[in-house]
Structure formats: structure tokens, C-alpha cells
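Structure data (compact mmCIF, C-alpha atoms) from my_file-v4.txt:
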```txt
# COMPACT_ATOMS: atom_id res chain seq x y z
CA MET A 1 18.55 -7.83 23.72
CA LYS A 2 20.89 -5.54 25.65
CA ILE A 3 19.77 -2.50 27.64
CA LEU A 4 21.04 0.01 25.06
CA SER A 5 19.29 -1.78 22.19
CA ARG A 6 16.02 -1.97 24.13
CA TYR A 7 16.24 1.71 25.01
CA ILE A 8 16.87 2.79 21.41
CA LEU A 9 14.13 0.51 20.06
CA LYS A 10 11.56 1.74 22.60
CA ASN A 11 12.25 5.40 21.88
CA ASN A 12 12.33 4.80 18.13
CA LEU A 13 8.95 3.06 18.14
CA LEU A 14 7.47 5.98 20.08
CA VAL A 15 8.86 8.64 17.73
CA MET A 16 8.03 6.54 14.63
CA GLY A 17 4.45 6.11 15.80
CA ILE A 18 3.97 9.84 16.25
CA CYS A 19 5.64 10.70 12.93
CA LEU A 20 3.75 8.01 10.99
CA LEU A 21 0.36 9.06 12.38
CA THR A 22 1.07 12.72 11.66
CA CYS A 23 2.41 12.27 8.12
CA ALA A 24 -0.19 9.63 7.17
CA GLY A 25 -2.96 11.87 8.52
CA ILE A 26 -1.80 14.82 6.43
CA TYR A 27 -1.43 12.62 3.32
CA LEU A 28 -4.89 11.11 3.83
CA LEU A 29 -6.44 14.52 4.48
CA VAL A 30 -5.09 15.85 1.18
CA ASP A 31 -6.48 12.79 -0.64
CA VAL A 32 -9.86 13.25 1.03
CA PHE A 33 -10.08 16.88 -0.14
CA ASP A 34 -9.02 15.79 -3.64
CA ARG A 35 -11.47 12.94 -4.16
CA LEU A 36 -14.33 13.22 -1.68
CA ASP A 37 -16.31 15.75 -3.70
CA ARG A 38 -16.12 13.58 -6.83
CA MET A 39 -17.23 10.52 -4.88
CA LEU A 40 -20.21 12.42 -3.46
CA GLU A 41 -21.13 13.62 -6.97
CA LYS A 42 -21.38 9.98 -8.00
CA GLY A 43 -23.63 9.22 -5.02
CA ALA A 44 -21.10 7.08 -3.16
CA ALA A 45 -22.38 5.54 0.07
CA LEU A 46 -20.63 6.23 3.36
CA GLU A 47 -19.53 2.58 3.50
CA SER A 48 -17.82 2.82 0.09
CA ILE A 49 -16.06 6.04 1.08
CA CYS A 50 -14.76 4.49 4.30
CA ILE A 51 -13.61 1.33 2.48
CA TYR A 52 -11.82 3.38 -0.18
CA PHE A 53 -9.85 5.60 2.18
CA GLY A 54 -9.30 2.83 4.74
CA ALA A 55 -7.86 0.51 2.10
CA LYS A 56 -5.39 3.22 1.03
CA ILE A 57 -3.81 3.54 4.49
CA PRO A 58 -1.28 0.66 4.06
CA LEU A 59 -0.24 2.06 0.67
CA ILE A 60 0.18 5.53 2.17
CA LEU A 61 2.29 4.13 5.00
CA SER A 62 4.52 2.27 2.54
CA GLN A 63 5.05 5.41 0.45
CA ILE A 64 5.99 7.71 3.32
CA LEU A 65 7.86 5.17 5.47
CA PRO A 66 11.43 5.79 4.18
CA ALA A 67 11.15 9.56 4.72
CA VAL A 68 9.52 9.03 8.13
CA VAL A 69 12.37 6.69 9.13
CA PHE A 70 14.83 9.50 8.44
CA LEU A 71 12.67 11.98 10.33
CA SER A 72 12.30 9.76 13.39
CA CYS A 73 15.99 8.80 13.54
CA ALA A 74 17.07 12.42 13.19
CA ILE A 75 14.71 13.50 15.99
CA GLN A 76 15.74 10.62 18.24
CA ILE A 77 19.50 11.09 17.82
CA SER A 78 19.23 14.88 18.18
CA SER A 79 17.26 14.37 21.40
CA MET A 80 19.95 12.01 22.72
CA GLN A 81 22.61 14.60 21.89
CA LYS A 82 20.66 17.38 23.56
CA LYS A 83 20.33 15.31 26.73
CA ARG A 84 24.05 14.45 26.55
CA GLU A 85 23.18 10.75 26.42
CA ILE A 86 25.59 10.05 23.55
CA THR A 87 28.37 11.86 25.42
CA ALA A 88 27.64 9.76 28.51
CA LEU A 89 27.66 6.55 26.46
CA GLU A 90 31.00 7.36 24.86
CA ALA A 91 32.44 8.33 28.25
CA GLY A 92 31.29 4.96 29.57
CA GLY A 93 33.14 3.10 26.82
CA VAL A 94 30.29 2.68 24.30
CA SER A 95 31.73 3.54 20.90
CA PHE A 96 29.95 5.46 18.15
CA PHE A 97 30.28 2.33 16.01
CA ARG A 98 27.99 0.41 18.39
CA LEU A 99 25.41 3.18 18.17
CA VAL A 100 25.66 3.04 14.39
CA VAL A 101 25.06 -0.71 14.39
CA CYS A 102 21.96 -0.33 16.60
CA PHE A 103 20.38 2.28 14.32
CA LEU A 104 21.29 0.43 11.11
CA LEU A 105 19.56 -2.67 12.50
CA LEU A 106 16.54 -0.45 13.14
CA GLY A 107 16.73 0.74 9.53
CA LEU A 108 16.83 -2.88 8.37
CA PHE A 109 13.79 -3.61 10.53
CA TRP A 110 11.84 -0.75 8.94
CA THR A 111 12.96 -1.94 5.50
CA GLY A 112 11.17 -5.21 6.23
CA GLY A 113 8.18 -3.21 7.48
CA GLN A 114 8.04 -1.25 4.26
CA LEU A 115 8.04 -4.49 2.24
CA VAL A 116 5.15 -5.83 4.32
CA PHE A 117 3.13 -2.64 3.96
CA SER A 118 3.82 -2.23 0.24
CA GLN A 119 3.90 -5.80 -1.09
CA VAL A 120 1.29 -7.45 1.12
CA LEU A 121 -1.09 -4.97 2.72
CA GLY A 122 -0.44 -2.17 0.24
CA VAL A 123 -1.07 -4.29 -2.88
CA ALA A 124 -4.29 -5.72 -1.46
CA GLY A 125 -5.43 -2.28 -0.29
CA GLN A 126 -4.69 -0.67 -3.63
CA GLN A 127 -6.72 -3.31 -5.46
CA VAL A 128 -9.67 -2.72 -3.12
CA SER A 129 -9.49 1.08 -3.41
CA GLU A 130 -9.12 0.95 -7.21
CA SER A 131 -12.11 -1.39 -7.38
CA VAL A 132 -14.26 1.04 -5.37
CA TRP A 133 -13.08 3.97 -7.49
CA ASP A 134 -13.82 2.11 -10.74
CA GLU A 135 -17.30 1.14 -9.57
CA LEU A 136 -18.09 4.83 -9.15
CA GLY A 137 -17.36 5.37 -12.85
CA HIS A 138 -14.14 7.35 -12.48
CA LYS A 139 -11.89 4.94 -14.34
CA GLY A 140 -10.50 6.49 -17.49
CA ARG A 141 -13.04 9.28 -17.43
CA GLY A 142 -12.30 11.61 -20.32
CA GLN A 143 -8.96 9.95 -20.99
CA GLU A 144 -7.84 7.82 -23.89
CA THR A 145 -5.66 4.86 -23.04
CA THR A 146 -2.22 4.82 -24.62
CA LEU A 147 0.11 1.81 -24.44
CA SER A 148 3.81 1.91 -25.28
CA ASP A 149 6.51 -0.60 -26.22
CA ILE A 150 4.25 -3.65 -26.62
CA TRP A 151 5.68 -7.04 -27.60
CA VAL A 152 3.33 -9.92 -28.52
CA ARG A 153 3.56 -13.29 -30.27
CA SER A 154 1.05 -14.33 -32.93
CA GLN A 155 1.35 -17.78 -34.48
CA GLY A 156 4.71 -17.71 -36.26
CA SER A 157 5.40 -13.99 -35.78
CA ILE A 158 6.70 -11.68 -33.10
CA VAL A 159 5.16 -8.21 -33.16
CA HIS A 160 6.44 -4.97 -31.64
CA LEU A 161 4.17 -1.93 -31.43
CA GLY A 162 5.75 1.38 -30.46
CA THR A 163 2.54 3.18 -29.44
CA VAL A 164 -0.97 1.70 -29.30
CA TRP A 165 -4.40 3.32 -28.93
CA PRO A 166 -6.64 0.31 -28.15
CA GLU A 167 -9.97 2.16 -28.29
CA ARG A 168 -9.22 3.41 -31.80
CA GLY A 169 -7.63 0.16 -32.92
CA GLU A 170 -4.56 2.05 -34.11
CA ALA A 171 -0.82 1.82 -33.56
CA ARG A 172 2.39 3.45 -34.73
CA GLY A 173 5.95 2.18 -35.01
CA VAL A 174 5.05 -1.35 -36.16
CA ARG A 175 7.62 -4.14 -36.47
CA ILE A 176 6.57 -7.68 -37.47
CA TYR A 177 9.15 -10.48 -37.47
CA ASP A 178 7.99 -13.59 -39.39
CA LEU A 179 9.98 -16.63 -38.19
CA ASP A 180 10.41 -20.06 -39.73
CA ASN A 181 8.67 -23.14 -38.34
CA GLY A 182 11.43 -23.90 -35.86
CA PHE A 183 11.70 -20.30 -34.67
CA GLN A 184 15.39 -20.49 -35.57
CA GLY A 185 15.53 -18.01 -38.45
CA LEU A 186 13.94 -14.81 -39.70
CA GLN A 187 11.98 -15.20 -42.93
CA ARG A 188 11.04 -11.54 -43.31
CA MET A 189 10.66 -8.34 -41.35
CA ILE A 190 7.81 -5.93 -41.99
CA ARG A 191 8.09 -2.31 -40.89
CA ALA A 192 5.18 0.10 -41.02
CA GLN A 193 4.64 3.62 -39.81
CA SER A 194 1.09 2.90 -38.63
CA LEU A 195 -1.70 0.36 -38.64
CA GLN A 196 -5.49 0.33 -38.47
CA THR A 197 -7.34 -2.80 -37.39
CA THR A 198 -10.14 -4.32 -39.42
CA GLU A 199 -12.02 -7.55 -38.79
CA GLY A 200 -9.37 -10.29 -38.58
CA ALA A 201 -6.68 -8.20 -40.25
CA TRP A 202 -4.38 -5.19 -39.93
CA ARG A 203 -4.12 -2.48 -42.56
CA LEU A 204 -0.49 -1.34 -42.56
CA GLU A 205 0.57 1.99 -44.06
CA GLU A 206 3.98 3.08 -45.40
CA VAL A 207 5.26 -0.48 -45.42
CA ALA A 208 8.81 -1.77 -45.91
CA ILE A 209 9.46 -5.51 -46.30
CA ILE A 210 12.93 -6.99 -45.77
CA LYS A 211 13.83 -10.61 -46.61
CA PRO A 212 17.28 -11.41 -45.14
CA ALA A 213 17.66 -14.75 -46.91
CA SER A 214 17.44 -13.22 -50.38
CA PHE A 215 18.82 -9.78 -49.43
CA THR A 216 15.77 -8.06 -50.91
CA PHE A 217 13.94 -4.91 -49.91
CA SER A 218 10.57 -3.69 -51.11
CA SER A 219 8.12 -0.99 -50.09
CA GLN A 220 4.47 -0.24 -50.68
CA THR A 221 1.92 2.31 -49.56
CA ASN A 222 -0.31 -0.10 -47.67
CA LEU A 223 -0.67 -3.79 -46.92
CA LEU A 224 -3.60 -5.82 -45.58
CA LEU A 225 -2.16 -8.49 -43.29
CA PRO A 226 -4.22 -11.28 -41.64
CA MET A 227 -3.63 -10.98 -37.87
CA ASP A 228 -5.47 -12.52 -34.93
CA ILE A 229 -4.29 -10.05 -32.26
CA ASP A 230 -7.13 -8.04 -30.72
CA MET A 231 -6.25 -4.51 -29.55
CA GLY A 232 -8.81 -4.78 -26.78
CA SER A 233 -7.02 -7.80 -25.36
CA LEU A 234 -3.79 -5.80 -25.25
CA HIS A 235 -5.60 -3.15 -23.22
CA ALA A 236 -7.09 -5.68 -20.82
CA SER A 237 -3.78 -7.48 -20.42
CA ALA A 238 -1.95 -4.24 -19.64
CA GLU A 239 -4.51 -3.32 -16.98
CA GLU A 240 -4.57 -6.79 -15.46
CA ASN A 241 -0.77 -6.96 -15.27
CA ASP A 242 -0.05 -3.45 -13.99
CA PRO A 243 3.27 -3.79 -12.08
CA GLU A 244 2.10 -1.23 -9.52
CA GLU A 245 -0.77 -3.52 -8.51
CA MET A 246 1.37 -6.66 -8.27
CA SER A 247 3.56 -7.81 -5.40
CA VAL A 248 7.21 -8.71 -6.00
CA TRP A 249 6.28 -12.40 -5.89
CA GLU A 250 3.46 -12.05 -8.41
CA LEU A 251 5.67 -9.87 -10.59
CA SER A 252 8.47 -12.46 -10.50
CA ALA A 253 6.13 -15.19 -11.72
CA HIS A 254 4.71 -12.89 -14.39
CA ILE A 255 8.19 -11.98 -15.65
CA LYS A 256 9.11 -15.66 -15.94
CA ARG A 257 5.96 -16.41 -17.96
CA LEU A 258 6.64 -13.56 -20.35
CA GLN A 259 10.31 -14.51 -20.71
CA ASP A 260 9.30 -18.05 -21.67
CA SER A 261 7.03 -16.61 -24.37
CA GLY A 262 9.83 -14.44 -25.79
CA THR A 263 8.36 -11.11 -24.66
CA ASN A 264 10.53 -8.13 -23.73
CA VAL A 265 10.46 -7.78 -19.92
CA GLU A 266 12.89 -4.89 -19.35
CA VAL A 267 10.10 -2.65 -18.01
CA LEU A 268 8.81 -5.32 -15.63
CA ARG A 269 12.30 -6.27 -14.41
CA THR A 270 13.00 -2.61 -13.69
CA ALA A 271 9.70 -2.33 -11.78
CA TRP A 272 10.63 -5.43 -9.74
CA HIS A 273 13.97 -3.96 -8.71
CA LEU A 274 12.38 -0.56 -8.01
CA LYS A 275 10.06 -2.13 -5.45
CA LEU A 276 12.99 -3.61 -3.54
CA SER A 277 15.25 -0.57 -3.85
CA TYR A 278 12.50 1.73 -2.55
CA ALA A 279 12.14 -0.44 0.54
CA PHE A 280 15.90 -0.41 1.15
CA SER A 281 15.92 3.38 0.93
CA ALA A 282 14.72 3.27 4.56
CA LEU A 283 18.07 1.75 5.52
CA ILE A 284 19.95 4.30 3.39
CA LEU A 285 18.12 7.22 5.00
CA THR A 286 18.87 5.82 8.45
CA ALA A 287 22.56 6.06 7.57
CA VAL A 288 22.03 9.60 6.29
CA ALA A 289 20.37 10.57 9.59
CA LEU A 290 23.34 9.16 11.54
CA VAL A 291 25.84 11.10 9.44
CA LEU A 292 23.99 14.45 9.56
CA THR A 293 23.19 14.37 13.28
CA ARG A 294 26.81 13.46 14.05
CA ARG A 295 28.00 16.41 11.96
CA TRP A 296 25.47 19.04 13.14
CA ASP A 297 23.83 19.32 16.57
CA ASN A 298 21.12 21.66 15.28
CA LEU A 299 18.01 19.65 14.35
CA PHE A 300 16.77 22.31 11.91
CA VAL A 301 20.04 22.20 9.96
CA THR A 302 19.90 18.40 9.93
CA MET A 303 16.30 18.38 8.70
CA SER A 304 16.97 20.98 5.99
CA ILE A 305 19.95 19.11 4.57
CA GLY A 306 18.16 15.80 5.02
CA LEU A 307 15.19 16.96 2.94
CA GLY A 308 17.61 17.89 0.17
CA VAL A 309 19.23 14.44 0.36
CA ILE A 310 15.79 12.77 0.24
CA PHE A 311 14.90 14.82 -2.83
CA VAL A 312 18.14 13.77 -4.55
CA LEU A 313 17.61 10.12 -3.59
CA PHE A 314 14.10 9.90 -5.02
CA ALA A 315 14.94 12.05 -8.05
CA VAL A 316 17.78 9.68 -8.99
CA HIS A 317 15.49 6.74 -8.12
CA THR A 318 12.89 8.01 -10.61
CA LEU A 319 15.48 8.88 -13.26
CA GLY A 320 17.09 5.46 -12.92
CA GLY A 321 13.70 3.77 -13.33
CA THR A 322 13.09 5.68 -16.56
CA LEU A 323 16.54 4.78 -17.91
CA GLY A 324 16.00 1.13 -17.03
CA GLU A 325 12.58 0.97 -18.67
CA ASN A 326 14.01 2.49 -21.86
CA GLY A 327 16.92 0.02 -21.92
CA VAL A 328 19.61 2.68 -21.41
CA LEU A 329 20.86 1.00 -18.22
CA PRO A 330 20.53 -2.58 -16.94
CA PRO A 331 17.29 -2.88 -14.89
CA TRP A 332 19.02 -3.78 -11.60
CA PHE A 333 21.56 -0.97 -11.83
CA ALA A 334 19.00 1.61 -12.92
CA ALA A 335 16.61 0.75 -10.08
CA TRP A 336 19.31 0.79 -7.39
CA LEU A 337 21.10 3.88 -8.73
CA GLY A 338 19.65 6.26 -6.14
CA ASN A 339 20.58 3.97 -3.25
CA ILE A 340 24.06 3.47 -4.68
CA VAL A 341 24.73 7.21 -5.02
CA VAL A 342 23.29 8.37 -1.68
CA GLY A 343 24.18 5.21 0.24
CA GLY A 344 27.74 5.26 -1.03
CA GLY A 345 28.21 8.85 0.10
CA ALA A 346 26.65 8.13 3.50
CA CYS A 347 28.88 5.08 4.02
CA LEU A 348 32.06 7.02 3.24
CA ALA A 349 31.06 9.82 5.62
CA MET A 350 30.13 7.32 8.34
CA VAL A 351 33.46 5.50 8.09
CA SER A 352 35.24 8.83 8.41
CA GLN A 353 33.20 9.70 11.50
CA ILE A 354 33.81 6.32 13.12
CA ARG A 355 37.54 6.81 12.63
CA GLY A 356 37.25 10.16 14.35
CA ARG A 357 38.14 12.36 11.39
CA VAL A 358 34.98 14.46 11.66
```
Could you express the structure from this file as C-alpha cells?
Amino acid sequence: MKILSRYILKNNLLVMGICLLTCAGIYLLVDVFDRLDRMLEKGAALESICIYFGAKIPLILSQILPAVVFLSCAIQISSMQKKREITALEAGGVSFFRLVVCFLLLGLFWTGGQLVFSQVLGVAGQQVSESVWDELGHKGRGQETTLSDIWVRSQGSIVHLGTVWPERGEARGVRIYDLDNGFQGLQRMIRAQSLQTTEGAWRLEEVAIIKPASFTFSSQTNLLLPMDIDMGSLHASAEENDPEEMSVWELSAHIKRLQDSGTNVEVLRTAWHLKLSYAFSALILTAVALVLTRRWDNLFVTMSIGLGVIFVLFAVHTLGGTLGENGVLPPWFAAWLGNIVVGGGACLAMVSQIRGRV
């Protein structure tokens, strides 16, 4: 490693450490004020409280890391400009391009760090903290579980439920596709506005039955249909396979299993890409910091504009995730949309600066 790279890495680690400790401390303090009183009401022991908040630290670090990377890079580069170190480097023949490469490699390093914190330590920590929270009786307190866009297979049928209330055993937006023995053709499609479960059967209301082979359509007020799908199992499966509590590797294996069973996996594929794109936002924000500090010497101006860029990045990130989950955009494009928009703009500005136009 060359002297310049060592110098930049050393200073970056120092600034990152200070920024991470400060931001994580504030985040944790807010969470303590939000949940500590409820934990004490439930008679939580000191050990459980320490385990809960300690297990959340890796998850907190993974959530704030991209923004902290921008903050630390902006502070470090502004400090180098204030001390005229960048001017001295350029006078000595070190181009701005070389400085850009050094900081982008740092951004790539912190991208890997974010993946470690979120997908290894963060996932394990979240499972531990959720377990402690659930043991205190907070899980689902006063809230009714609602599931959306559920696809399941039952014997020779594929079932889609628009909205499900497992505790009530009810659902709306019901589509049942009865297939032939070879799963090669559709025998009939049953549409119903709602259903109510009974023992070993579903009572469908406002039913329409379509038989493609004979081009027939019929309707009836209600229909009692034998069905072996338990609503409680749908609830348990949804909780067990929460994408937020799964690493990218576990989620990949889960997606493959569901694809093999014929289940719609658009939501899970979008969640998989969102995990990766969020990690790579650290690299994107490093580029943003380089562009802004090169354009403005004033750290306060850089931070103000940078906060706006971060807001846009994560707003588009969230919007893209919603569009991907609803099938409006392909999962990979929807999840990476924020990085494409902000990263594309940062790259164009950086190329212009390297060429000396700004």
C-alpha cells in the first residue's frame, strides 16, 4: 500500500470511528427512550435489557453506515482542502483522478462492511432482539395480523389470496386455479370476493366459476369448497420467512424453493436486490461526497446538499422497492433505481471534474 493510500485510510478510519460511535449512540439512545419503559412494565430483567439493546447494535450500524460513510468522507476531504493538502498533492503531480480512486476503494470497503454488519451480525442480532421482545409479550400486542398477495399450492390447485386475516380465518380477493393431473392445463378458475374458513373447507361468497375448455361461465352466491390449507400455517410461514430477518444467502435458497413450487416470488426477489443495493449505496454516497467537496469548499454547504441527496437516494430506494413488490418494475431494476439515479448523476459530475471542466 502506498503512502497516500495509507494516509487516507488511517484518517478515514479515525473519522469513521468517531462518526459511527456518535450516530449509533444517538440512534440507540432514542430506541432506549422508546422501549425501556415498556420493558420495565413487563418486569424485564437487567440481563434481558442488555441483551436486547446489545444485539441491536450491529443492525443499527448497518442501517446508518451509508450515511455515515458520506459524512466521514465529506469531513475528511474538507479537512484536506482546508489544510491545502489536496493543492499540495496536485502540485506534486498527484492527479484528482488518483484521489478519486483511493476514496472509491474506501467506499467499496465500507460496502463490504455494511454487508457483514447487515447480513451476518445484523441478521443474528435482530433475531436475538426480536426473541427477547417477543418473550416479554410485546409481539402483536393490540394488532391484528394482515397478510397480502399470498400464493399457495394445494393438491391440484394453485390459490391466490389478495388479503388474509389469519386470526379471523378470512380472506378477500380469492382466485383458485384447478389444474389437470399433469399440471399442463387449466380445468377451471374460481373467483370469489371473500372466504370464511370452516373445518376442512372454505365457504366462498360471491363466486364466479370459469371453465376455459367448454367456454362456460357461472356464478352463485356462495360455495363450500373442501380445502386443506390452514390460515394459521400461512401466518406462521410468513413470520418464519420474513425477508427482513433472513440473510441474502438464506433468502436466495428460500426463493429457489418457492420458485420450484410455483409460488410468486416477486416480493422476495425485490427484497433480495434491496439488501444488496442498500449496501452499495455506501459506494454511491462516497462518490457524492467527492463531487460536492470538489465543487464547494464550505463543509456546511456540502453537508446541507448532501443530506438532500441522501434523502432523494433513500426515497427513490423505497419507492423502487414498492414498485418492484407490486410488479410494476422488474425486481432488480426497482431495487437499484435509487443507486442508478444518484450514482449516474454523481458519475457524470465526477467525470466532468476530472476533465477539469468544473
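Atom pair CA of Ala346 in chain A / CA of Ile305 in chain A: separated by 12.9 Å.
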### Task
Would you list the contacts of Cys73 in chain A as a ChimeraX atom specification, taking every protein, DNA or RNA residue within 10 Å and counting only C-alpha atoms, but skipping same-chain residues closer than 4 positions in sequence?
/A:8,11-12,15-16,68-69,77-79,103,106-107,285-290,293
### Selected residue, from A:Ser5, A:Ser214, A:Thr270, A:Gln127, that lies nearest to Asn326 in chain A when counting only C-alpha atoms
A:Thr270
### Query
Taking (14.3, 16.4, 14.0) in the file's coordinates, which residues come within 10 Å, counting only C-alpha atoms, written as a list in words?
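It turns out the residues near that spot are Phe70, Leu71, Ser72, Cys73, Ala74, Ile75, Gln76, Ile77, Ser78, Ser79, Ala289, Thr293, Asn298, Leu299, Phe300, Val301, Thr302, Met303, Ser304 and Gly306 of chain A.
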If you take every atom of range 130-136 of chain A that the file lists and fit an axis-aligned box around them with 5 Å extra on each side, what centre and edge lengths come out in Å to one decimal, as AutoDock Vina command-line options?
```
--center_x -13.6 --center_y 1.7 --center_z -8.1 --size_x 19.0 --size_y 16.2 --size_z 15.4
```
### Message
Set the distance at 8 Å and use all atoms listed in the file: which residues neighbour Gly321 in chain A once local chain neighbours fewer than 3 positions away are removed? I'd like the list as JSON, numbers by chain.
### Response
{"A": [270, 271, 274, 317, 318, 324, 325, 331, 334, 335]}
Could the residues in this selection be saved with C-alpha atoms as a PDB file, in the frame of the given file?
```
ATOM      1  CA  THR A 270      13.000  -2.610 -13.690  1.00  0.00           C
ATOM      2  CA  ALA A 271       9.700  -2.330 -11.780  1.00  0.00           C
ATOM      3  CA  LEU A 274      12.380  -0.560  -8.010  1.00  0.00           C
ATOM      4  CA  HIS A 317      15.490   6.740  -8.120  1.00  0.00           C
ATOM      5  CA  THR A 318      12.890   8.010 -10.610  1.00  0.00           C
ATOM      6  CA  GLY A 324      16.000   1.130 -17.030  1.00  0.00           C
ATOM      7  CA  GLU A 325      12.580   0.970 -18.670  1.00  0.00           C
ATOM      8  CA  PRO A 331      17.290  -2.880 -14.890  1.00  0.00           C
ATOM      9  CA  ALA A 334      19.000   1.610 -12.920  1.00  0.00           C
ATOM     10  CA  ALA A 335      16.610   0.750 -10.080  1.00  0.00           C
TER      11      ALA A 335
END
```
### Query
Which neighbours of range 154-161 of chain A fall inside 6 Å, counting all atoms listed in the file, when residues of the same chain fewer than 4 positions from it are skipped, and could you give them as a list in words?
Asp149, Ile150, Gly173, Val174, Arg175, Ile176, Tyr177, Asp178 and Leu179 of chain A
### Query
Rounded to one decimal in Å, what is the spacing between CA of Tyr278 in chain A and CA of Gly54 in chain A?
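According to the coordinates, CA of Tyr278 in chain A and CA of Gly54 in chain A are separated by 23.0 Å.
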Would you pick out the contacts of Ile64 in chain A at 12 Å or less, using all atoms listed in the file, so that residues sharing its chain but fewer than 6 positions from it are not included, and give the list as a short mmCIF file (atom, residue, chain, number, x, y, z; two decimals) with C-alpha atoms, keeping the file's coordinate frame?
```cif
data_model
loop_
_atom_site.label_atom_id
_atom_site.label_comp_id
_atom_site.auth_asym_id
_atom_site.auth_seq_id
_atom_site.Cartn_x
_atom_site.Cartn_y
_atom_site.Cartn_z
CA MET A 16 8.03 6.54 14.63
CA CYS A 19 5.64 10.70 12.93
CA LEU A 20 3.75 8.01 10.99
CA LEU A 21 0.36 9.06 12.38
CA THR A 22 1.07 12.72 11.66
CA CYS A 23 2.41 12.27 8.12
CA ALA A 24 -0.19 9.63 7.17
CA GLY A 25 -2.96 11.87 8.52
CA ILE A 26 -1.80 14.82 6.43
CA TYR A 27 -1.43 12.62 3.32
CA LEU A 28 -4.89 11.11 3.83
CA ILE A 57 -3.81 3.54 4.49
CA PRO A 58 -1.28 0.66 4.06
CA PHE A 70 14.83 9.50 8.44
CA LEU A 71 12.67 11.98 10.33
CA TRP A 110 11.84 -0.75 8.94
CA GLY A 113 8.18 -3.21 7.48
CA GLN A 114 8.04 -1.25 4.26
CA PHE A 117 3.13 -2.64 3.96
CA SER A 118 3.82 -2.23 0.24
CA TYR A 278 12.50 1.73 -2.55
CA ALA A 279 12.14 -0.44 0.54
CA SER A 281 15.92 3.38 0.93
CA ALA A 282 14.72 3.27 4.56
CA ILE A 310 15.79 12.77 0.24
CA PHE A 314 14.10 9.90 -5.02
#
```
### Query
CA of Arg172 in chain A and CA of Gln193 in chain A, how far apart in Å?
5.6 Å
At the level of N, CA and C atoms, write range 330-352 of chain A to a file as a short mmCIF file (atom, residue, chain, number, x, y, z; two decimals), in the first residue's frame, please.
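Okay, result-v2.cif is ready:
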```cif
data_model
loop_
_atom_site.label_atom_id
_atom_site.label_comp_id
_atom_site.auth_asym_id
_atom_site.auth_seq_id
_atom_site.Cartn_x
_atom_site.Cartn_y
_atom_site.Cartn_z
N PRO A 330 -39.38 -4.50 -12.96
CA PRO A 330 -38.63 -5.73 -12.64
C PRO A 330 -37.93 -5.58 -11.29
N PRO A 331 -37.87 -6.64 -10.49
CA PRO A 331 -37.30 -6.54 -9.13
C PRO A 331 -35.90 -5.93 -9.10
N TRP A 332 -35.00 -6.36 -10.01
CA TRP A 332 -33.63 -5.86 -9.96
C TRP A 332 -33.57 -4.37 -10.28
N PHE A 333 -34.35 -3.94 -11.27
CA PHE A 333 -34.32 -2.53 -11.65
C PHE A 333 -34.96 -1.66 -10.57
N ALA A 334 -36.05 -2.14 -10.00
CA ALA A 334 -36.74 -1.37 -8.96
C ALA A 334 -35.84 -1.18 -7.74
N ALA A 335 -35.15 -2.25 -7.34
CA ALA A 335 -34.32 -2.18 -6.14
C ALA A 335 -33.09 -1.30 -6.33
N TRP A 336 -32.55 -1.27 -7.54
CA TRP A 336 -31.34 -0.49 -7.81
C TRP A 336 -31.65 0.89 -8.37
N LEU A 337 -32.92 1.27 -8.43
CA LEU A 337 -33.30 2.52 -9.06
C LEU A 337 -32.66 3.73 -8.39
N GLY A 338 -32.66 3.77 -7.07
CA GLY A 338 -32.06 4.89 -6.35
C GLY A 338 -30.58 5.02 -6.64
N ASN A 339 -29.85 3.90 -6.62
CA ASN A 339 -28.42 3.93 -6.92
C ASN A 339 -28.16 4.35 -8.37
N ILE A 340 -29.04 3.91 -9.28
CA ILE A 340 -28.86 4.27 -10.69
C ILE A 340 -29.03 5.76 -10.88
N VAL A 341 -30.07 6.34 -10.27
CA VAL A 341 -30.36 7.77 -10.44
C VAL A 341 -29.25 8.62 -9.82
N VAL A 342 -28.99 8.40 -8.53
CA VAL A 342 -28.00 9.23 -7.83
C VAL A 342 -26.59 8.91 -8.29
N GLY A 343 -26.28 7.62 -8.45
CA GLY A 343 -24.95 7.22 -8.88
C GLY A 343 -24.63 7.69 -10.29
N GLY A 344 -25.63 7.64 -11.16
CA GLY A 344 -25.41 8.12 -12.52
C GLY A 344 -25.09 9.60 -12.55
N GLY A 345 -25.83 10.40 -11.76
CA GLY A 345 -25.56 11.83 -11.70
C GLY A 345 -24.19 12.12 -11.11
N ALA A 346 -23.81 11.38 -10.06
CA ALA A 346 -22.50 11.58 -9.42
C ALA A 346 -21.37 11.22 -10.38
N CYS A 347 -21.55 10.15 -11.14
CA CYS A 347 -20.50 9.73 -12.10
C CYS A 347 -20.29 10.77 -13.19
N LEU A 348 -21.39 11.32 -13.72
CA LEU A 348 -21.27 12.35 -14.76
C LEU A 348 -20.56 13.59 -14.23
N ALA A 349 -20.93 14.01 -13.01
CA ALA A 349 -20.28 15.18 -12.42
C ALA A 349 -18.81 14.91 -12.14
N MET A 350 -18.49 13.69 -11.71
CA MET A 350 -17.10 13.36 -11.39
C MET A 350 -16.23 13.33 -12.65
N VAL A 351 -16.77 12.78 -13.72
CA VAL A 351 -16.03 12.77 -14.99
C VAL A 351 -15.74 14.18 -15.45
N SER A 352 -16.74 15.07 -15.30
CA SER A 352 -16.55 16.47 -15.68
C SER A 352 -15.47 17.13 -14.84
#
```
